[in-house]
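With compact mmCIF, C-alpha atoms and all ligand atoms inside, this is protein_26.txt:
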```
# COMPACT_ATOMS: atom_id res chain seq x y z
CA MET A 2 -36.82 -55.92 114.69
CA ILE A 3 -37.82 -57.38 118.05
CA SER A 4 -35.17 -57.16 120.78
CA HIS A 5 -32.43 -59.73 120.53
CA PRO A 6 -32.12 -62.08 122.29
CA ILE A 7 -35.73 -62.94 123.07
CA ASP A 8 -36.19 -64.22 126.62
CA PRO A 9 -38.27 -67.42 126.44
CA LYS A 10 -39.72 -66.74 129.91
CA VAL A 11 -41.00 -63.37 128.74
CA LEU A 12 -42.41 -64.98 125.60
CA ALA A 13 -44.15 -67.64 127.71
CA ALA A 14 -45.65 -64.99 129.97
CA GLN A 15 -46.87 -62.99 126.95
CA PHE A 16 -48.38 -66.16 125.55
CA GLU A 17 -50.11 -66.86 128.87
CA SER A 18 -51.71 -63.45 129.04
CA ARG A 19 -52.87 -63.67 125.40
CA PHE A 20 -54.12 -67.26 125.28
CA GLY A 21 -54.13 -68.56 128.85
CA GLY A 22 -52.11 -71.63 129.87
CA TRP A 23 -48.37 -72.17 129.87
CA PRO A 24 -46.90 -72.97 126.42
CA GLN A 25 -44.17 -75.18 125.11
CA ILE A 26 -41.43 -73.16 123.41
CA TYR A 27 -39.50 -73.97 120.23
CA ARG A 28 -37.14 -71.98 118.05
CA ALA A 29 -35.47 -72.18 114.65
CA PRO A 30 -32.63 -69.99 113.34
CA GLY A 31 -31.98 -67.86 110.26
CA ARG A 32 -28.86 -68.55 108.26
CA VAL A 33 -25.99 -67.16 106.22
CA ASN A 34 -24.31 -68.88 103.29
CA LEU A 35 -20.51 -68.63 103.56
CA ILE A 36 -19.90 -69.64 99.94
CA GLY A 37 -21.78 -71.33 97.10
CA ASP A 38 -24.34 -68.98 95.60
CA HIS A 39 -26.56 -69.90 92.66
CA THR A 40 -25.27 -73.45 92.96
CA ASP A 41 -28.30 -74.95 94.75
CA TYR A 42 -30.62 -75.08 91.73
CA ASN A 43 -27.75 -76.53 89.69
CA ASP A 44 -27.67 -79.58 91.99
CA GLY A 45 -24.44 -78.24 93.48
CA PHE A 46 -22.88 -77.47 96.86
CA VAL A 47 -23.45 -74.80 99.51
CA LEU A 48 -21.82 -73.96 102.86
CA PRO A 49 -24.39 -72.27 105.12
CA ALA A 50 -24.34 -71.77 108.88
CA ALA A 51 -27.27 -71.19 111.22
CA ILE A 52 -26.85 -67.82 112.94
CA GLY A 53 -27.74 -66.91 116.51
CA PHE A 54 -30.94 -65.11 115.44
CA TYR A 55 -34.00 -67.27 116.02
CA CYS A 56 -37.67 -67.32 115.25
CA TRP A 57 -39.46 -68.44 118.44
CA ALA A 58 -42.80 -70.21 118.61
CA ALA A 59 -44.80 -70.60 121.84
CA ILE A 60 -47.55 -73.17 121.44
CA SER A 61 -50.37 -74.92 123.30
CA ARG A 62 -53.09 -77.37 122.30
CA ARG A 63 -56.65 -76.72 121.22
CA SER A 64 -59.13 -79.45 120.50
CA ASP A 65 -61.50 -77.66 118.09
CA ASN A 66 -59.44 -78.12 114.90
CA THR A 67 -58.66 -74.42 114.92
CA PHE A 68 -55.26 -72.76 114.62
CA VAL A 69 -54.88 -69.29 116.10
CA ILE A 70 -51.55 -67.70 115.21
CA PHE A 71 -50.26 -64.38 116.50
CA SER A 72 -47.06 -62.77 115.20
CA GLU A 73 -45.35 -60.30 117.54
CA ASN A 74 -43.44 -58.96 114.53
CA VAL A 75 -46.47 -57.96 112.48
CA GLN A 76 -48.86 -57.59 115.47
CA GLU A 77 -51.60 -59.57 113.81
CA THR A 78 -53.65 -62.66 114.70
CA ILE A 79 -55.15 -65.06 112.18
CA THR A 80 -57.58 -67.90 112.78
CA ALA A 81 -57.74 -70.88 110.41
CA GLN A 82 -59.23 -74.32 110.10
CA LEU A 83 -57.55 -77.12 108.21
CA GLU A 84 -60.62 -77.95 106.10
CA ASN A 85 -60.88 -74.66 104.29
CA LEU A 86 -57.26 -73.61 103.88
CA SER A 87 -57.18 -71.47 100.78
CA ARG A 88 -54.07 -69.29 100.52
CA ASP A 89 -55.94 -66.33 99.06
CA ALA A 90 -58.03 -65.99 102.21
CA PHE A 91 -54.98 -65.27 104.39
CA ALA A 92 -52.48 -62.46 104.86
CA LYS A 93 -49.13 -63.18 103.19
CA TRP A 94 -47.15 -63.55 106.41
CA SER A 95 -49.53 -66.22 107.73
CA ARG A 96 -49.11 -68.41 104.63
CA TYR A 97 -45.68 -69.49 105.90
CA PRO A 98 -46.96 -71.14 109.11
CA LEU A 99 -50.27 -72.20 107.52
CA GLY A 100 -48.46 -73.87 104.61
CA VAL A 101 -46.46 -75.86 107.15
CA ILE A 102 -49.60 -76.91 109.05
CA GLN A 103 -51.12 -78.08 105.77
CA GLN A 104 -48.00 -80.04 104.76
CA LEU A 105 -47.81 -81.75 108.17
CA ALA A 106 -51.47 -82.71 107.92
CA ASN A 107 -50.98 -83.98 104.35
CA SER A 108 -48.10 -86.13 105.51
CA GLY A 109 -50.32 -87.90 108.01
CA CYS A 110 -49.89 -85.95 111.26
CA ARG A 111 -53.11 -85.57 113.20
CA LEU A 112 -53.17 -81.99 114.45
CA ASP A 113 -56.19 -81.11 116.59
CA GLY A 114 -55.59 -77.37 116.68
CA ALA A 115 -53.22 -75.00 118.48
CA ASN A 116 -52.60 -71.52 119.77
CA ILE A 117 -49.26 -70.24 118.47
CA CYS A 118 -47.39 -67.08 119.32
CA ILE A 119 -44.52 -66.28 116.91
CA SER A 120 -41.74 -63.87 117.81
CA SER A 121 -38.66 -63.61 115.62
CA GLU A 122 -35.22 -62.08 116.03
CA VAL A 123 -34.50 -62.67 112.36
CA PRO A 124 -35.01 -59.45 110.41
CA MET A 125 -37.67 -60.04 107.76
CA GLY A 126 -36.75 -59.78 104.10
CA ALA A 127 -33.08 -59.03 104.81
CA GLY A 128 -31.73 -62.21 103.25
CA LEU A 129 -31.16 -64.06 106.54
CA SER A 130 -34.08 -66.38 105.81
CA SER A 131 -36.69 -65.31 108.29
CA SER A 132 -39.05 -67.32 106.07
CA ALA A 133 -37.33 -70.65 106.71
CA ALA A 134 -37.02 -69.73 110.40
CA ILE A 135 -40.78 -69.19 110.82
CA GLU A 136 -41.56 -72.36 108.85
CA VAL A 137 -39.16 -74.61 110.71
CA ALA A 138 -40.10 -73.12 114.11
CA THR A 139 -43.78 -73.80 113.34
CA ALA A 140 -43.03 -77.35 112.21
CA TYR A 141 -40.96 -78.20 115.30
CA ALA A 142 -43.57 -76.64 117.57
CA LEU A 143 -46.45 -78.67 116.10
CA LEU A 144 -44.46 -81.90 115.90
CA GLY A 145 -43.30 -81.51 119.49
CA LEU A 146 -46.74 -80.55 120.79
CA PHE A 147 -48.44 -83.54 119.14
CA ASP A 148 -45.61 -85.98 119.94
CA TYR A 149 -44.42 -86.73 116.45
CA GLU A 150 -40.83 -87.53 115.64
CA ILE A 151 -39.77 -86.62 112.13
CA GLU A 152 -36.15 -86.42 111.13
CA PRO A 153 -34.81 -82.94 110.38
CA THR A 154 -34.27 -83.52 106.66
CA ARG A 155 -37.93 -84.43 106.23
CA VAL A 156 -38.99 -81.41 108.23
CA ALA A 157 -36.85 -79.25 105.91
CA LEU A 158 -38.40 -80.81 102.80
CA LEU A 159 -41.93 -80.32 104.15
CA CYS A 160 -41.19 -76.67 104.92
CA GLN A 161 -39.65 -76.10 101.49
CA LYS A 162 -42.76 -77.61 99.91
CA ALA A 163 -44.95 -75.32 102.03
CA GLU A 164 -43.03 -72.27 100.78
CA ASN A 165 -43.10 -73.47 97.15
CA GLU A 166 -46.78 -74.37 97.13
CA PHE A 167 -48.65 -72.35 99.74
CA VAL A 168 -46.58 -69.15 99.68
CA GLY A 169 -45.67 -69.50 96.01
CA ALA A 170 -41.93 -68.76 96.35
CA ARG A 171 -39.50 -70.83 94.29
CA CYS A 172 -36.88 -71.51 96.97
CA GLY A 173 -34.29 -74.30 97.16
CA ILE A 174 -33.71 -76.57 100.15
CA MET A 175 -30.69 -74.82 101.75
CA ASP A 176 -32.50 -72.45 104.12
CA GLN A 177 -34.85 -74.96 105.70
CA PHE A 178 -32.10 -77.60 105.80
CA VAL A 179 -29.64 -75.51 107.79
CA SER A 180 -32.38 -74.13 110.04
CA SER A 181 -33.25 -77.72 111.02
CA HIS A 182 -29.76 -79.24 111.02
CA GLY A 183 -27.61 -76.27 112.14
CA GLN A 184 -24.80 -76.97 114.59
CA ALA A 185 -23.12 -74.57 117.01
CA ARG A 186 -19.62 -73.55 115.81
CA HIS A 187 -20.11 -75.29 112.46
CA ALA A 188 -21.16 -74.63 108.89
CA LEU A 189 -22.76 -77.41 106.84
CA PHE A 190 -21.13 -78.58 103.60
CA LEU A 191 -24.33 -79.61 101.84
CA ASP A 192 -24.79 -81.52 98.60
CA CYS A 193 -28.05 -80.11 97.25
CA ARG A 194 -28.58 -83.19 95.04
CA SER A 195 -28.20 -86.00 97.58
CA LEU A 196 -28.84 -83.88 100.71
CA GLU A 197 -25.79 -85.49 102.28
CA TYR A 198 -23.85 -83.09 104.45
CA ARG A 199 -20.73 -82.77 106.55
CA LYS A 200 -20.22 -80.48 109.55
CA ILE A 201 -17.38 -78.02 109.00
CA ARG A 202 -15.89 -76.50 112.12
CA ILE A 203 -15.54 -72.71 112.04
CA PRO A 204 -12.22 -71.70 113.64
CA ASP A 205 -12.63 -70.47 117.23
CA GLY A 206 -13.03 -66.78 117.80
CA MET A 207 -14.38 -66.15 114.31
CA ARG A 208 -17.48 -63.98 113.89
CA LEU A 209 -19.70 -64.10 110.86
CA ILE A 210 -20.60 -60.48 110.23
CA ILE A 211 -23.47 -59.81 107.88
CA CYS A 212 -23.77 -56.34 106.36
CA ASN A 213 -27.12 -55.40 104.86
CA THR A 214 -26.70 -52.89 102.02
CA MET A 215 -30.37 -51.92 102.49
CA VAL A 216 -30.70 -52.07 98.70
CA GLN A 217 -33.43 -54.18 97.13
CA ARG A 218 -34.46 -54.40 93.50
CA GLU A 219 -38.03 -53.26 92.94
CA LEU A 220 -40.58 -56.01 93.41
CA GLY A 221 -40.66 -58.50 90.58
CA SER A 222 -37.49 -57.42 88.80
CA SER A 223 -35.12 -59.55 90.92
CA ASP A 224 -37.46 -62.52 90.35
CA SER A 225 -37.24 -62.16 86.60
CA LEU A 226 -33.44 -61.75 86.73
CA TYR A 227 -33.24 -64.84 88.93
CA ASN A 228 -35.40 -66.79 86.51
CA ALA A 229 -33.27 -65.58 83.59
CA ARG A 230 -30.14 -66.96 85.30
CA ARG A 231 -31.86 -70.29 85.85
CA ALA A 232 -32.86 -70.41 82.18
CA GLU A 233 -29.27 -69.63 81.10
CA CYS A 234 -27.99 -72.50 83.23
CA GLU A 235 -30.59 -74.82 81.73
CA GLU A 236 -29.51 -73.79 78.24
CA GLY A 237 -25.89 -74.53 79.19
CA VAL A 238 -26.88 -78.00 80.42
CA ARG A 239 -28.84 -78.72 77.23
CA ARG A 240 -25.94 -77.79 74.98
CA LEU A 241 -23.28 -79.51 77.05
CA ALA A 242 -25.36 -82.69 77.34
CA GLU A 243 -25.34 -82.95 73.55
CA VAL A 244 -21.63 -83.75 73.61
CA LEU A 245 -20.88 -84.87 77.20
CA SER A 246 -22.35 -87.99 78.73
CA ASP A 247 -24.23 -88.14 82.04
CA VAL A 248 -24.86 -84.42 82.33
CA ARG A 249 -28.11 -83.73 84.19
CA ALA A 250 -27.06 -80.44 85.75
CA LEU A 251 -24.02 -78.12 85.77
CA ARG A 252 -22.93 -80.03 88.83
CA ASP A 253 -21.93 -82.87 86.46
CA VAL A 254 -19.51 -80.74 84.38
CA THR A 255 -15.86 -79.93 85.12
CA LEU A 256 -14.11 -76.70 84.18
CA ALA A 257 -11.91 -78.60 81.70
CA GLU A 258 -15.00 -80.01 79.97
CA LEU A 259 -16.57 -76.58 79.86
CA GLU A 260 -13.46 -75.11 78.21
CA LYS A 261 -13.46 -77.90 75.62
CA CYS A 262 -17.06 -77.11 74.72
CA ARG A 263 -16.76 -73.34 74.88
CA ASP A 264 -17.60 -72.72 71.22
CA ARG A 265 -20.95 -74.48 71.61
CA LEU A 266 -22.11 -71.76 74.02
CA SER A 267 -22.84 -68.07 73.71
CA ASP A 268 -20.45 -65.89 75.70
CA VAL A 269 -23.14 -65.15 78.31
CA VAL A 270 -24.12 -68.79 78.82
CA TYR A 271 -20.44 -69.76 78.96
CA ARG A 272 -19.79 -67.26 81.74
CA ARG A 273 -22.89 -68.33 83.71
CA CYS A 274 -21.70 -71.94 83.52
CA ARG A 275 -18.16 -70.95 84.48
CA HIS A 276 -19.48 -69.27 87.62
CA VAL A 277 -21.53 -72.26 88.72
CA ILE A 278 -18.85 -74.86 88.01
CA SER A 279 -16.01 -72.85 89.58
CA GLU A 280 -18.21 -71.94 92.56
CA ASN A 281 -18.94 -75.62 93.21
CA GLU A 282 -15.18 -76.24 93.32
CA ARG A 283 -14.68 -73.32 95.68
CA VAL A 284 -17.27 -74.67 98.14
CA GLY A 285 -15.28 -77.87 98.53
CA GLN A 286 -12.00 -75.97 98.79
CA MET A 287 -13.47 -73.62 101.40
CA ALA A 288 -14.66 -76.55 103.52
CA SER A 289 -11.12 -77.99 103.51
CA ALA A 290 -9.54 -74.56 104.14
CA LEU A 291 -11.75 -74.01 107.19
CA GLU A 292 -11.04 -77.49 108.50
CA SER A 293 -7.31 -76.89 108.27
CA ASN A 294 -7.67 -73.35 109.65
CA ASN A 295 -6.11 -71.91 106.48
CA MET A 296 -7.71 -68.48 106.73
CA GLY A 297 -5.49 -67.05 104.00
CA LEU A 298 -7.07 -69.48 101.53
CA VAL A 299 -10.55 -68.79 102.96
CA GLY A 300 -10.08 -65.12 102.13
CA LYS A 301 -8.89 -65.85 98.59
CA LEU A 302 -11.83 -68.18 97.93
CA MET A 303 -14.35 -65.63 99.22
CA ALA A 304 -12.79 -62.93 97.01
CA ALA A 305 -12.83 -65.24 93.98
CA SER A 306 -16.46 -66.13 94.66
CA HIS A 307 -17.41 -62.46 94.81
CA ARG A 308 -15.59 -61.68 91.55
CA SER A 309 -17.23 -64.61 89.83
CA LEU A 310 -20.72 -63.55 91.00
CA ARG A 311 -19.97 -59.97 89.91
CA ASP A 312 -18.32 -60.57 86.53
CA ASP A 313 -19.49 -63.98 85.26
CA TYR A 314 -22.90 -64.33 86.87
CA GLU A 315 -23.59 -60.55 87.01
CA VAL A 316 -25.72 -60.58 90.14
CA SER A 317 -23.79 -58.06 92.25
CA CYS A 318 -24.50 -54.32 92.37
CA PRO A 319 -22.38 -51.24 93.23
CA GLU A 320 -23.50 -51.27 96.89
CA LEU A 321 -22.52 -54.93 97.39
CA ASP A 322 -19.15 -54.30 95.70
CA LEU A 323 -18.59 -51.27 97.92
CA MET A 324 -19.54 -53.17 101.09
CA VAL A 325 -17.10 -55.95 100.23
CA ARG A 326 -14.34 -53.43 99.49
CA LEU A 327 -14.93 -51.61 102.80
CA ALA A 328 -15.01 -54.92 104.69
CA THR A 329 -11.72 -56.17 103.22
CA GLN A 330 -10.01 -52.90 104.23
CA GLN A 331 -10.66 -53.51 107.94
CA GLU A 332 -8.32 -54.99 110.50
CA GLY A 333 -9.04 -58.55 111.63
CA VAL A 334 -10.95 -59.49 108.45
CA HIS A 335 -10.18 -62.81 106.76
CA GLY A 336 -12.59 -62.63 103.85
CA ALA A 337 -15.75 -60.99 102.53
CA ARG A 338 -18.22 -61.57 99.72
CA MET A 339 -21.80 -60.95 98.69
CA THR A 340 -24.13 -63.70 99.87
CA GLY A 341 -27.54 -64.79 98.64
CA ALA A 342 -29.27 -64.19 95.33
CA GLY A 343 -27.71 -60.75 94.83
CA PHE A 344 -29.02 -57.54 93.22
CA GLY A 345 -28.80 -56.02 96.73
CA GLY A 346 -29.12 -57.73 100.08
CA CYS A 347 -26.19 -58.72 102.25
CA THR A 348 -22.48 -59.45 102.36
CA VAL A 349 -20.81 -61.86 104.77
CA SER A 350 -17.39 -61.29 106.32
CA MET A 351 -15.32 -63.54 108.55
CA VAL A 352 -13.83 -61.39 111.29
CA ASP A 353 -11.75 -62.02 114.42
CA ALA A 354 -14.05 -61.51 117.42
CA GLU A 355 -11.81 -58.89 119.03
CA PHE A 356 -12.06 -56.68 115.93
CA ALA A 357 -15.80 -57.15 115.40
CA PRO A 358 -17.04 -53.98 117.19
CA GLN A 359 -14.52 -51.81 115.39
CA PHE A 360 -15.36 -53.50 112.08
CA GLN A 361 -19.04 -52.79 112.60
CA SER A 362 -18.67 -49.12 113.41
CA ARG A 363 -16.08 -48.38 110.70
CA VAL A 364 -17.86 -50.18 107.89
CA ALA A 365 -21.18 -48.59 108.88
CA ALA A 366 -19.69 -45.08 108.91
CA ALA A 367 -17.83 -45.49 105.60
CA TYR A 368 -20.85 -47.02 103.87
CA LEU A 369 -23.11 -44.23 105.10
CA ALA A 370 -20.61 -41.60 103.95
CA GLU A 371 -20.40 -43.06 100.44
CA THR A 372 -24.03 -43.98 99.84
CA GLY A 373 -26.15 -41.93 102.23
CA ARG A 374 -27.69 -45.17 103.49
CA THR A 375 -27.35 -46.52 107.02
CA PRO A 376 -26.55 -50.23 106.76
CA GLU A 377 -27.73 -52.83 109.25
CA ILE A 378 -24.86 -54.96 110.50
CA TYR A 379 -25.42 -58.25 112.33
CA ASN A 380 -22.61 -59.77 114.36
CA CYS A 381 -23.32 -63.53 114.28
CA GLU A 382 -21.75 -66.85 115.14
CA ALA A 383 -22.50 -70.30 113.81
CA SER A 384 -25.29 -71.58 116.05
CA GLU A 385 -27.41 -74.63 116.72
CA GLY A 386 -30.46 -75.45 114.64
CA ALA A 387 -34.09 -75.84 115.60
CA GLY A 388 -35.18 -77.38 118.88
CA ARG A 389 -37.29 -77.12 121.99
CA VAL A 390 -36.30 -74.73 124.74
CA SER A 391 -37.21 -75.60 128.28
CA VAL A 392 -38.61 -72.46 129.80
CA GLU A 393 -37.62 -73.31 133.37
CA SER A 394 -33.91 -73.69 132.69
CA GLN A 395 -33.80 -71.42 129.61
CA ALA A 396 -31.45 -73.96 128.12
CA SER A 397 -32.08 -75.70 124.82
CA ASP A 398 -32.94 -79.38 125.10
CA LYS A 399 -31.08 -80.14 121.91
CA PRO A 400 -27.45 -81.14 122.49
CA ALA A 401 -24.99 -78.77 120.79
P1 LIG B 501 -36.10 -63.64 104.12
O1 LIG B 501 -36.43 -65.09 104.20
O2 LIG B 501 -34.77 -63.38 103.50
O3 LIG B 501 -36.22 -62.93 105.43
P2 LIG B 501 -38.48 -63.66 102.53
O4 LIG B 501 -39.10 -62.66 101.63
O5 LIG B 501 -38.17 -65.01 101.99
O6 LIG B 501 -37.17 -62.97 103.13
O7 LIG B 501 -39.42 -63.89 103.79
C1 LIG B 501 -39.85 -62.77 104.55
C2 LIG B 501 -41.34 -62.90 104.84
O8 LIG B 501 -41.57 -64.00 105.75
C3 LIG B 501 -41.90 -61.70 105.54
O9 LIG B 501 -42.26 -60.68 104.64
C4 LIG B 501 -43.13 -62.29 106.25
O10 LIG B 501 -44.20 -62.41 105.33
C5 LIG B 501 -42.66 -63.69 106.61
N1 LIG B 501 -42.17 -63.75 108.00
C6 LIG B 501 -40.94 -64.08 108.41
N2 LIG B 501 -40.84 -64.03 109.77
C7 LIG B 501 -42.05 -63.65 110.22
C8 LIG B 501 -42.59 -63.38 111.52
N3 LIG B 501 -41.87 -63.50 112.62
N4 LIG B 501 -43.88 -63.00 111.60
C9 LIG B 501 -44.64 -62.88 110.49
N5 LIG B 501 -44.18 -63.09 109.25
C10 LIG B 501 -42.90 -63.47 109.09
MG MG B 502 -36.73 -66.43 102.51
```
Would you put the structure from the file into structure tokens?
Amino acid sequence: MISHPIDPKVLAAQFESRFGGWPQIYRAPGRVNLIGDHTDYNDGFVLPAAIGFYCWAAISRRSDNTFVIFSENVQETITAQLENLSRDAFAKWSRYPLGVIQQLANSGCRLDGANICISSEVPMGAGLSSSAAIEVATAYALLGLFDYEIEPTRVALLCQKAENEFVGARCGIMDQFVSSHGQARHALFLDCRSLEYRKIRIPDGMRLIICNTMVQRELGSSDSLYNARRAECEEGVRRLAEVLSDVRALRDVTLAELEKCRDRLSDVVYRRCRHVISENERVGQMASALESNNMGLVGKLMAASHRSLRDDYEVSCPELDLMVRLATQQEGVHGARMTGAGFGGCTVSMVDAEFAPQFQSRVAAAYLAETGRTPEIYNCEASEGAGRVSVESQASDKPA
């Protein structure tokens, strides 16, 4: 990981010595989802927050229709022209920014070429969505440089499309949405069907602590498990829609309706549906609990979400369960759960700021003692989304 925080003046100076000329600077954050996992592809609800780890993009114009992109993180430069953009010709990492360039061009933006230097604080592949951060940072940088104004939801949709089509990853809209729309001190209560959202204030003094189990399923196997879950949800919808009206997705079914139709479903499909439907309810309850500063209820909802993901959806693993157990044993903790797709990856805990350092060192030591693995622990707060950073003042131009 590159040092955190990145100093935009240092980035600008590095850009100048690499490319010549003083750049404009943009940044876009990674994210954590506080509750609502495996609900997005069921047209449901999620509650993510942007975290104070950003992907930075320094950029300047070229006029030869060429894009030269350097990543500090992978220490590689690629050169591309819009006319012959074939994904197979480019290293995997560069498909994220190149896919965005292609989508912007397809949507009618005239981009004459650019030098771009990417430098990210978001650890790659850790579940904090470094992929959305690099996409959204690239999009904001190009739009800003070429004087286009596109609203953040459209930017998010373009970036999602880039990841789906040019990278080939089947991701939902949450990551790009919160990276564009993130608000300091707030999570976003997002309806993944309508893309309507409400800002939810995180109580003052609360840290979002993300613990990386450092466990990942071997390549390919988590994809097939993920696709199996999606297929089980689709089967649930098919069967439920035979007897319930207006059911397009599990989002349209209540728990009472599910219970009534239980004997139409296999036990596995029933439990998958129960997770999704109950999780959707918990997202709404969590938003209200945070707004009324009812941290006792927040903790209960996070625990119920974890149990549901573990027992009904079966996407946890021993290391995630252990990390949650260790987290809940600490002083100053209000709640903890696995977050993201599962089968490894991260947990999120809500912790009083004064206890955060102690939480970090104790959880890390206990996890190491039990598993032999050193976890990475990120102490985050809900932060603002993508925007331009003025290098002179080092302050973001985007109002908080
Ligand atoms: P996550 O989004 O959880 O970090 P992904 O697998 O979706 O994990 O995306 C990680 C990939 O995104 C990396 O392997 C790399 O290809 C690309 N990426 C993200 N940030 C950067 C960066 N700063 N420089 C180059 N590639 C990056
Ligand atoms: Mg990603």
Sphere at (-39.6, -73.4, 124.5), radius 7 Å, counting all atoms listed in the file: residues as a short mmCIF file (atom, residue, chain, number, x, y, z; two decimals) with C-alpha atoms, keeping the file's coordinate frame:
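Ended up saving to point-v9.cif:
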```
data_model
loop_
_atom_site.label_atom_id
_atom_site.label_comp_id
_atom_site.auth_asym_id
_atom_site.auth_seq_id
_atom_site.Cartn_x
_atom_site.Cartn_y
_atom_site.Cartn_z
CA PRO A 9 -38.27 -67.42 126.44
CA GLN A 25 -44.17 -75.18 125.11
CA ILE A 26 -41.43 -73.16 123.41
CA TYR A 27 -39.50 -73.97 120.23
CA ALA A 59 -44.80 -70.60 121.84
CA ARG A 389 -37.29 -77.12 121.99
CA VAL A 390 -36.30 -74.73 124.74
CA SER A 391 -37.21 -75.60 128.28
CA VAL A 392 -38.61 -72.46 129.80
#
```
task = Give the residue list for ligand LIG 501 (chain B) at 10 Å, counting all atoms listed in the file, as JSON, numbers by chain, sorted by chain and then by residue number.
result = {"A": [2, 3, 31, 32, 33, 55, 56, 57, 58, 70, 71, 72, 73, 74, 75, 76, 77, 78, 92, 93, 94, 95, 96, 97, 98, 118, 119, 120, 121, 122, 123, 124, 125, 126, 127, 128, 129, 130, 131, 132, 133, 134, 135, 136, 138, 164, 168, 170, 171, 172, 176, 341, 342, 346, 347]}
Would you place a box with edges along x, y and z of the file around all atoms of stretch 47-60 of chain A listed there, add 8 Å to each of its six sides, and report the centre and edge lengths in Å to one decimal, as AutoDock Vina command-line options?
```
--center_x -34.7 --center_y -70.0 --center_z 110.7 --size_x 41.7 --size_y 25.7 --size_z 38.3
```
query = Near stretch 105-114 of chain A, within 6 Å and counting all atoms listed in the file, which residues show up once chain neighbours fewer than 4 positions away are dropped, as a list in words?
reply = Arg63, Ser64, Asn66, Thr67 and Phe68 of chain A
inquiry  = Report as a list in words all protein, DNA and RNA residues lying within 6 Å of A:Val101, evaluated on all atoms listed in the file, omitting residues in the same chain fewer than 3 positions from it.
reply    =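 My list of contacting residues is Pro98, Gln104, Cys160 and Ala163 of chain A.
One finds atom CA of A:Ser180 at 19.1 Å from atom CA of A:Leu146.
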